[in-house]
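K.L.:
My questions will all concern the structure given below.
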Amino acid sequence: MFNKVLIANRGEIALRILRACKEMGIQTVAAHSTADADAMHVRLADQSVCIGPPSSRDSYLNMHEIVAACEITGADAIHPGYGFLSENAKFAEILEAHGITFIGPSSDHIKVMGDKIMAKQTAQRLGIPVVPGSDGAVTEDSEAKRIAADIGYPVIIKAASGGGGRGMRVVNSAAEMQVALQTTRSEAGAAFGDDAVYIEKYLGKPRHIEVQVMGDGKGKGVHLGERDCSLQRRHQKVLEEANSPALTAEQREKIGMICADAIGDLGYSGAGTIEFLYENGEFYFIEMNTRLQVEHPVTEMITRIDLVNEQLRVASGQDMSFDQKDVRFQGHAIECRINAENARTFVPSPGEITYYHPPGGLGVRVDSGVFTGYKVPPYYDSLIGKLIVVGRNREECLNRLRRSLDEFVVGGIQTTLPLFQDLVRNKDVIAGDYDIHWLENYLEKMG
Ligand code: ADP
């Protein structure tokens with residue numbers, strides 16, 4: 001096992017990683033920007049190193065400073081968290097060359113999954129169901145029209161290097177194709193430095209269902225069930241739950257085992273998430289994330305498996321602490337992402353938290369690094385914490401979530417807590433009856 005792990009991230013996930021390290025007797029180094037000098041994980045870490053000014057480009061994305069921080073402190077591994085450098089194959093490669101362990105998969109696996117065309121081809125080869133569409137990149141109008149006519153309109157044009165919900169365009173008819181193809185290609189070239197695009201069937205009312213997987217890098221692959229992340233705003237997840245209210249135990253087992261076997265075949269190492277759109281009983285692969293996800297706690301709460309602990313074990317060459325047969329789902333968990341934003345306009349609301357009182361009690365978990373007097377910096381994403389609640393069933397979970405949200409007090413700044421207080425009282429949410437467009441429609445109706 002590692003002696004010392006450098007945490008190359010900030011906020012709640014940095015603290016989450018630190019907690020797992022402490023429980024395993026691993027020393028921690030917090031690599032932080034000047035804006036995060038007061039952060040909770042910096043205070044709790046054994047050592048801390050300032051890696052640059054507030055701008056992420058100069059700090060959390062600054063590979064040279066991070067490698068230097070590792071060398072100065074003698075850390076033998078880096079946990080990248082999510083976002084920032086977590087899916088950067090070049091960073092993983094640099095660490096491999098420096099003999100520092102990247103806590104995540106190999107740079108080759110990051111590369112394959114980072115290119116959506118390659119990822120889709122790989123998924124298909126491994127027996128994972130994909131969205132019908134072009135076999136690879138599409139450049140010619142005529143080819144695009146032929147494929148679209150084949151699979152039927154509407155279709156979606158997607159950038160091979162796109163991410164974060166950007167670089168996609170829905171096309172409703174052949175008449176729109178030429179302009180749409182041109183625009184998406186030139187936008188993708190400008191935004192991602194790669195103008196390759198591909199085409200797939202546009203699904204009208206899907207749910208977003210993703211499978212948590214883990215591989216030991218030696219051919220063993222397991223799944224830890226799925227998460228339903230259909231409640232999204234601008235393709236960003238807002239509330240996540242496990243298990244999905246839409247799946248039966250048989251469907252769960254079936255898609256889970258397809259993913260577990262694929263991960264084993266790939267020789268994948270570490271935690272990953274295979275994302276699907278789900279419509280009319282069918283799964284359609286959209287992408288794989290080769291890192292820990294923001295919403296990983298809902299899986300932890302119903303499996304009682306610590307995913308960061310397992311990531312550390314696998315990265316250090318040890319075996320996972322469990323086999324597929326040990327994964328049992330108990331109860332239901334829901335996570336709310338609490339952002340420092342106005343709950344109606346979603347305008348960021350950085351500033352000092354003058355009062356902080358998180359909820360507690362049975363089945364309540366708050367992953368957050370904030371405290372009374374903490375100043376939310378304006379430089380990063382606005383996530384200030386996650387409220388995760390588990391119950392023996394979905395109804396108990398929702399009752400517990402309702403009262404937990406009512407206990408939660410954050411003073412001095414605006415947060416999205418009021419949005420969740422409304423959502424947990426909505427009949428569609430209570431019934432689990434929603435698709436990926438539900439929240440946008442709801443917000444539009446609310447004005
Ligand atoms: P990103 O990497 O930018 O997150 P994804 O491929 O994961 O891109 O897609 C993001 C979101 O875009 C999905 O969650 C879904 O809402 C929508 N989307 C992507 N592909 C399709 C499709 N074929 N049909 C309908 N919606 C889609």
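Residue numbering restarts at 1 in every chain; chains get A, B, ... in the order shown in the structure tokens, and ligands count up from 1 in that same order.
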Quick one: residues within 8 Å of ligand 1, with only C-alpha atoms and all ligand atoms, as a PyMOL selection string?

P.N.:
chain A and resi 116+131+155-156+158+162-168+200-206+208+230+232+235-236+275+277+286-287+436-437

K.L.:
May I have the residues from that selection written out with N, CA, C and O atoms, as a CSV table (one decimal), in the first residue's frame?

P.N.:
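Result saved to part_2.csv:
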```
chain,number,residue,atom,x,y,z
A,116,LYS,N,-14.9,9.6,-28.1
A,116,LYS,CA,-16.2,9.0,-28.1
A,116,LYS,C,-16.4,7.9,-29.2
A,116,LYS,O,-17.1,7.0,-29.0
A,131,VAL,N,-25.9,3.0,-29.1
A,131,VAL,CA,-27.0,3.7,-29.9
A,131,VAL,C,-26.7,3.4,-31.4
A,131,VAL,O,-25.6,3.6,-31.8
A,155,VAL,N,-31.9,12.6,-35.6
A,155,VAL,CA,-30.6,12.1,-35.2
A,155,VAL,C,-29.8,13.2,-34.5
A,155,VAL,O,-30.2,14.3,-34.4
A,156,ILE,N,-28.7,12.7,-33.9
A,156,ILE,CA,-27.9,13.7,-33.1
A,156,ILE,C,-26.4,13.6,-33.7
A,156,ILE,O,-25.9,12.5,-33.9
A,158,LYS,N,-22.6,14.3,-32.9
A,158,LYS,CA,-21.8,14.5,-31.7
A,158,LYS,C,-20.3,14.6,-32.0
A,158,LYS,O,-19.8,13.8,-32.8
A,162,GLY,N,-16.0,15.7,-27.7
A,162,GLY,CA,-16.9,16.6,-26.9
A,162,GLY,C,-16.9,16.1,-25.4
A,162,GLY,O,-16.5,15.0,-25.1
A,163,GLY,N,-17.5,17.0,-24.6
A,163,GLY,CA,-17.6,16.6,-23.2
A,163,GLY,C,-18.4,17.7,-22.5
A,163,GLY,O,-18.6,18.8,-23.0
A,164,GLY,N,-18.9,17.3,-21.3
A,164,GLY,CA,-19.7,18.3,-20.5
A,164,GLY,C,-20.9,18.8,-21.2
A,164,GLY,O,-21.4,19.9,-21.0
A,165,GLY,N,-21.5,17.9,-22.0
A,165,GLY,CA,-22.7,18.2,-22.7
A,165,GLY,C,-22.6,19.2,-23.8
A,165,GLY,O,-23.5,19.7,-24.4
A,166,ARG,N,-21.3,19.5,-24.2
A,166,ARG,CA,-21.1,20.4,-25.4
A,166,ARG,C,-20.7,19.6,-26.6
A,166,ARG,O,-20.2,18.5,-26.6
A,167,GLY,N,-21.0,20.2,-27.8
A,167,GLY,CA,-20.6,19.6,-29.0
A,167,GLY,C,-21.6,18.6,-29.5
A,167,GLY,O,-21.2,17.6,-30.1
A,168,MET,N,-22.9,19.0,-29.4
A,168,MET,CA,-23.9,18.1,-29.8
A,168,MET,C,-25.0,18.9,-30.5
A,168,MET,O,-25.3,20.0,-30.1
A,200,GLU,N,-25.7,9.6,-34.4
A,200,GLU,CA,-26.4,8.5,-33.8
A,200,GLU,C,-27.9,8.9,-33.7
A,200,GLU,O,-28.3,10.0,-33.9
A,201,LYS,N,-28.7,7.9,-33.5
A,201,LYS,CA,-30.2,8.0,-33.3
A,201,LYS,C,-30.4,8.9,-32.1
A,201,LYS,O,-29.8,8.8,-31.1
A,202,TYR,N,-31.3,9.9,-32.3
A,202,TYR,CA,-31.7,10.7,-31.1
A,202,TYR,C,-32.8,10.1,-30.4
A,202,TYR,O,-33.9,9.8,-31.0
A,203,LEU,N,-32.6,9.8,-29.1
A,203,LEU,CA,-33.7,9.2,-28.3
A,203,LEU,C,-34.5,10.2,-27.7
A,203,LEU,O,-34.0,11.2,-27.1
A,204,GLY,N,-35.9,10.1,-27.8
A,204,GLY,CA,-36.8,11.2,-27.4
A,204,GLY,C,-37.0,11.3,-25.9
A,204,GLY,O,-36.9,12.4,-25.4
A,205,LYS,N,-37.2,10.2,-25.2
A,205,LYS,CA,-37.5,10.3,-23.8
A,205,LYS,C,-36.8,9.3,-22.9
A,205,LYS,O,-37.3,8.5,-22.2
A,206,PRO,N,-35.4,9.3,-23.1
A,206,PRO,CA,-34.7,8.3,-22.3
A,206,PRO,C,-34.4,8.7,-20.9
A,206,PRO,O,-34.6,9.8,-20.5
A,208,HIS,N,-31.3,8.5,-18.0
A,208,HIS,CA,-29.8,8.3,-17.9
A,208,HIS,C,-29.5,7.3,-16.8
A,208,HIS,O,-29.8,7.6,-15.6
A,230,SER,N,-31.2,10.8,-14.2
A,230,SER,CA,-32.0,11.4,-15.2
A,230,SER,C,-32.4,12.9,-14.9
A,230,SER,O,-32.7,13.6,-15.9
A,232,GLN,N,-31.6,16.2,-14.8
A,232,GLN,CA,-30.4,17.0,-15.3
A,232,GLN,C,-30.9,18.4,-15.7
A,232,GLN,O,-32.0,18.5,-16.2
A,235,HIS,N,-27.7,19.2,-19.3
A,235,HIS,CA,-26.9,17.9,-19.3
A,235,HIS,C,-26.0,17.7,-18.1
A,235,HIS,O,-25.1,16.9,-18.0
A,236,GLN,N,-26.3,18.5,-17.0
A,236,GLN,CA,-25.6,18.4,-15.8
A,236,GLN,C,-26.5,17.7,-14.8
A,236,GLN,O,-27.6,18.1,-14.6
A,275,GLU,N,-21.9,4.7,-19.0
A,275,GLU,CA,-23.2,5.5,-19.0
A,275,GLU,C,-24.1,5.0,-20.2
A,275,GLU,O,-23.6,4.8,-21.3
A,277,LEU,N,-28.1,5.6,-22.1
A,277,LEU,CA,-29.5,6.1,-22.2
A,277,LEU,C,-30.4,4.8,-22.2
A,277,LEU,O,-30.0,3.8,-22.7
A,286,ILE,N,-23.6,5.4,-24.1
A,286,ILE,CA,-23.2,6.7,-24.6
A,286,ILE,C,-21.7,7.1,-24.3
A,286,ILE,O,-21.0,7.6,-25.2
A,287,GLU,N,-21.2,6.7,-23.1
A,287,GLU,CA,-19.8,7.0,-22.9
A,287,GLU,C,-19.4,6.3,-21.6
A,287,GLU,O,-20.2,5.8,-20.8
A,436,ILE,N,-34.8,12.3,-19.0
A,436,ILE,CA,-33.7,13.3,-18.9
A,436,ILE,C,-34.2,14.7,-19.2
A,436,ILE,O,-33.5,15.7,-19.0
A,437,HIS,N,-35.4,14.9,-19.8
A,437,HIS,CA,-35.9,16.3,-20.1
A,437,HIS,C,-36.9,16.8,-19.0
A,437,HIS,O,-37.3,17.9,-19.0
```

K.L.:
Using only C-alpha atoms, determine which residues lie at most 9 Å from stretch 407-424 of chain A, disregarding the query and same-chain residues fewer than 3 positions distant; provide the list as a count of residues only.

P.N.:
37

K.L.:
What's around stretch 76-82 of chain A at 10 Å? Count only C-alpha atoms, leave out sequence neighbours fewer than 3 positions away in its own chain, and write the answer as a ChimeraX atom specification.

P.N.:
/A:1-10,12-14,16-18,28-29,31,60,66-67,70-71,73,85-88,91-92,95,99-104,289-294,308,311-312,315-316

K.L.:
What's around A:Gln251 at 10 Å? Count only C-alpha atoms, leave out sequence neighbours fewer than 5 positions away in its own chain, and write the answer as a list in words.

P.N.:
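What passes the distance filter is Ala246, Gly256, Met257, Gly281, Glu282 and Phe283 of chain A.
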
K.L.:
Dump all heavy atoms for the selected residues as a CSV table (one decimal), in the first residue's frame?

P.N.:
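So result.csv came out as:
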```
chain,number,residue,atom,x,y,z
A,246,ALA,N,-36.6,2.5,-12.4
A,246,ALA,CA,-37.1,2.0,-13.6
A,246,ALA,C,-36.7,0.6,-13.9
A,246,ALA,O,-37.3,0.0,-14.8
A,246,ALA,CB,-36.6,2.9,-14.8
A,256,GLY,N,-25.6,-5.2,-15.6
A,256,GLY,CA,-24.5,-5.2,-14.7
A,256,GLY,C,-23.4,-6.2,-15.1
A,256,GLY,O,-22.2,-5.9,-15.2
A,257,MET,N,-23.9,-7.4,-15.4
A,257,MET,CA,-22.9,-8.5,-15.8
A,257,MET,C,-22.3,-8.2,-17.2
A,257,MET,O,-21.1,-8.5,-17.4
A,257,MET,CB,-23.6,-9.8,-15.8
A,257,MET,CG,-23.8,-10.4,-14.3
A,257,MET,SD,-22.4,-10.1,-13.2
A,257,MET,CE,-21.1,-11.1,-14.0
A,281,GLY,N,-37.1,-0.2,-22.3
A,281,GLY,CA,-36.5,-1.4,-21.9
A,281,GLY,C,-35.2,-1.7,-22.5
A,281,GLY,O,-34.6,-2.8,-22.3
A,282,GLU,N,-34.6,-0.8,-23.4
A,282,GLU,CA,-33.3,-1.1,-24.0
A,282,GLU,C,-32.3,-0.1,-23.5
A,282,GLU,O,-32.5,1.1,-23.2
A,282,GLU,CB,-33.4,-0.9,-25.5
A,282,GLU,CG,-34.4,-1.7,-26.2
A,282,GLU,CD,-34.0,-3.2,-26.3
A,282,GLU,OE1,-32.8,-3.5,-26.2
A,282,GLU,OE2,-34.9,-4.0,-26.5
A,283,PHE,N,-31.0,-0.6,-23.4
A,283,PHE,CA,-29.9,0.2,-23.0
A,283,PHE,C,-29.1,0.6,-24.2
A,283,PHE,O,-28.9,-0.2,-25.1
A,283,PHE,CB,-29.0,-0.6,-22.0
A,283,PHE,CG,-29.5,-0.8,-20.6
A,283,PHE,CD1,-30.3,-1.9,-20.3
A,283,PHE,CD2,-29.3,0.2,-19.7
A,283,PHE,CE1,-30.8,-2.0,-19.1
A,283,PHE,CE2,-29.8,0.0,-18.4
A,283,PHE,CZ,-30.6,-1.1,-18.1
```

K.L.:
Between atom CA of A:Val213 and atom CA of A:Met301, what distance in Å does the model show, to one decimal?

P.N.:
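Atom-to-atom, atom CA of A:Val213 and atom CA of A:Met301 are spaced 15.5 Å apart.
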
K.L.:
Pick out the residues sitting within 10 Å of A:Val138, and hand them over as a list in words; count only C-alpha atoms, and ignore anything fewer than 3 positions along from it in its own chain.

P.N.:
Ser134, Asp135, Asp141, Ser142, Glu143, Ala144, Ile147, Ile157, Leu181, Arg185, Ala196, Val197, Tyr198 and Ile199 of chain A

K.L.:
Limited to all heavy atoms, could you put the picked residues into a file as a short mmCIF file (atom, residue, chain, number, x, y, z; two decimals), in the first residue's frame?

P.N.:
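The resulting file, out.cif, is shown below:
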```cif
data_model
loop_
_atom_site.label_atom_id
_atom_site.label_comp_id
_atom_site.auth_asym_id
_atom_site.auth_seq_id
_atom_site.Cartn_x
_atom_site.Cartn_y
_atom_site.Cartn_z
N SER A 134 -23.59 5.98 -37.05
CA SER A 134 -22.46 5.79 -37.97
C SER A 134 -21.41 4.90 -37.31
O SER A 134 -21.30 4.86 -36.09
CB SER A 134 -21.86 7.14 -38.34
OG SER A 134 -21.41 7.82 -37.18
N ASP A 135 -20.63 4.21 -38.15
CA ASP A 135 -19.60 3.31 -37.61
C ASP A 135 -18.42 4.08 -37.05
O ASP A 135 -17.70 3.60 -36.20
CB ASP A 135 -19.10 2.36 -38.72
CG ASP A 135 -20.11 1.26 -38.96
OD1 ASP A 135 -20.86 0.94 -38.01
OD2 ASP A 135 -20.18 0.75 -40.09
N ASP A 141 -21.65 15.13 -46.38
CA ASP A 141 -23.10 15.33 -46.30
C ASP A 141 -23.90 14.12 -46.74
O ASP A 141 -24.85 13.70 -46.08
CB ASP A 141 -23.51 16.43 -47.29
CG ASP A 141 -23.39 17.78 -46.67
OD1 ASP A 141 -22.97 17.85 -45.50
OD2 ASP A 141 -23.72 18.74 -47.38
N SER A 142 -23.48 13.61 -47.91
CA SER A 142 -24.26 12.53 -48.52
C SER A 142 -24.24 11.30 -47.61
O SER A 142 -25.26 10.64 -47.41
CB SER A 142 -23.67 12.18 -49.88
OG SER A 142 -22.30 11.92 -49.74
N GLU A 143 -23.08 11.05 -47.04
CA GLU A 143 -22.93 9.91 -46.13
C GLU A 143 -23.81 10.12 -44.88
O GLU A 143 -24.51 9.21 -44.43
CB GLU A 143 -21.44 9.82 -45.73
CG GLU A 143 -21.06 8.58 -44.99
CD GLU A 143 -19.65 8.71 -44.39
OE1 GLU A 143 -19.01 9.76 -44.58
OE2 GLU A 143 -19.23 7.76 -43.72
N ALA A 144 -23.77 11.33 -44.36
CA ALA A 144 -24.56 11.67 -43.17
C ALA A 144 -26.04 11.46 -43.45
O ALA A 144 -26.77 10.88 -42.64
CB ALA A 144 -24.29 13.11 -42.75
N ILE A 147 -26.92 7.71 -43.67
CA ILE A 147 -26.98 7.07 -42.35
C ILE A 147 -28.24 7.49 -41.61
O ILE A 147 -28.95 6.66 -41.03
CB ILE A 147 -25.73 7.42 -41.52
CG1 ILE A 147 -24.48 6.80 -42.17
CG2 ILE A 147 -25.85 6.95 -40.08
CD1 ILE A 147 -23.18 7.41 -41.70
N ILE A 157 -25.85 14.79 -33.96
CA ILE A 157 -24.44 14.83 -34.39
C ILE A 157 -23.62 15.13 -33.14
O ILE A 157 -23.94 16.06 -32.39
CB ILE A 157 -24.20 15.94 -35.44
CG1 ILE A 157 -25.17 15.79 -36.61
CG2 ILE A 157 -22.76 15.92 -35.94
CD1 ILE A 157 -25.02 16.89 -37.66
N LEU A 181 -24.17 19.70 -39.89
CA LEU A 181 -22.90 18.97 -39.93
C LEU A 181 -21.73 19.96 -39.94
O LEU A 181 -20.77 19.83 -39.17
CB LEU A 181 -22.87 18.07 -41.17
CG LEU A 181 -21.76 17.03 -41.25
CD1 LEU A 181 -21.88 16.01 -40.13
CD2 LEU A 181 -21.79 16.30 -42.59
N ARG A 185 -19.09 20.55 -36.82
CA ARG A 185 -17.68 20.28 -37.08
C ARG A 185 -16.81 21.49 -36.77
O ARG A 185 -15.77 21.37 -36.12
CB ARG A 185 -17.48 19.86 -38.55
CG ARG A 185 -17.80 18.40 -38.80
CD ARG A 185 -17.80 18.07 -40.28
NE ARG A 185 -16.50 18.35 -40.88
CZ ARG A 185 -15.53 17.45 -41.00
NH1 ARG A 185 -15.73 16.22 -40.57
NH2 ARG A 185 -14.39 17.76 -41.54
N ALA A 196 -13.67 15.94 -35.61
CA ALA A 196 -14.34 14.68 -35.94
C ALA A 196 -15.71 14.62 -35.25
O ALA A 196 -15.84 14.90 -34.06
CB ALA A 196 -13.49 13.49 -35.49
N VAL A 197 -16.74 14.29 -36.05
CA VAL A 197 -18.08 14.12 -35.49
C VAL A 197 -18.68 12.80 -35.96
O VAL A 197 -18.23 12.24 -36.97
CB VAL A 197 -19.03 15.28 -35.88
CG1 VAL A 197 -18.51 16.62 -35.39
CG2 VAL A 197 -19.28 15.32 -37.39
N TYR A 198 -19.65 12.31 -35.23
CA TYR A 198 -20.34 11.09 -35.64
C TYR A 198 -21.83 11.29 -35.44
O TYR A 198 -22.27 12.28 -34.85
CB TYR A 198 -19.79 9.87 -34.88
CG TYR A 198 -19.99 9.91 -33.39
CD1 TYR A 198 -20.95 9.11 -32.76
CD2 TYR A 198 -19.22 10.75 -32.59
CE1 TYR A 198 -21.12 9.14 -31.39
CE2 TYR A 198 -19.39 10.79 -31.21
CZ TYR A 198 -20.34 9.98 -30.62
OH TYR A 198 -20.52 10.01 -29.26
N ILE A 199 -22.58 10.33 -35.94
CA ILE A 199 -24.05 10.48 -35.92
C ILE A 199 -24.67 9.31 -35.19
O ILE A 199 -24.23 8.16 -35.35
CB ILE A 199 -24.58 10.51 -37.38
CG1 ILE A 199 -24.08 11.79 -38.06
CG2 ILE A 199 -26.10 10.42 -37.42
CD1 ILE A 199 -24.58 11.94 -39.48
#
```

K.L.:
Please measure the separation of atom CA of A:Ala68 and atom CA of A:Gly52, giving the value in Å to one decimal.

P.N.:
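Calculated distance between atom CA of A:Ala68 and atom CA of A:Gly52 is 11.8 Å.
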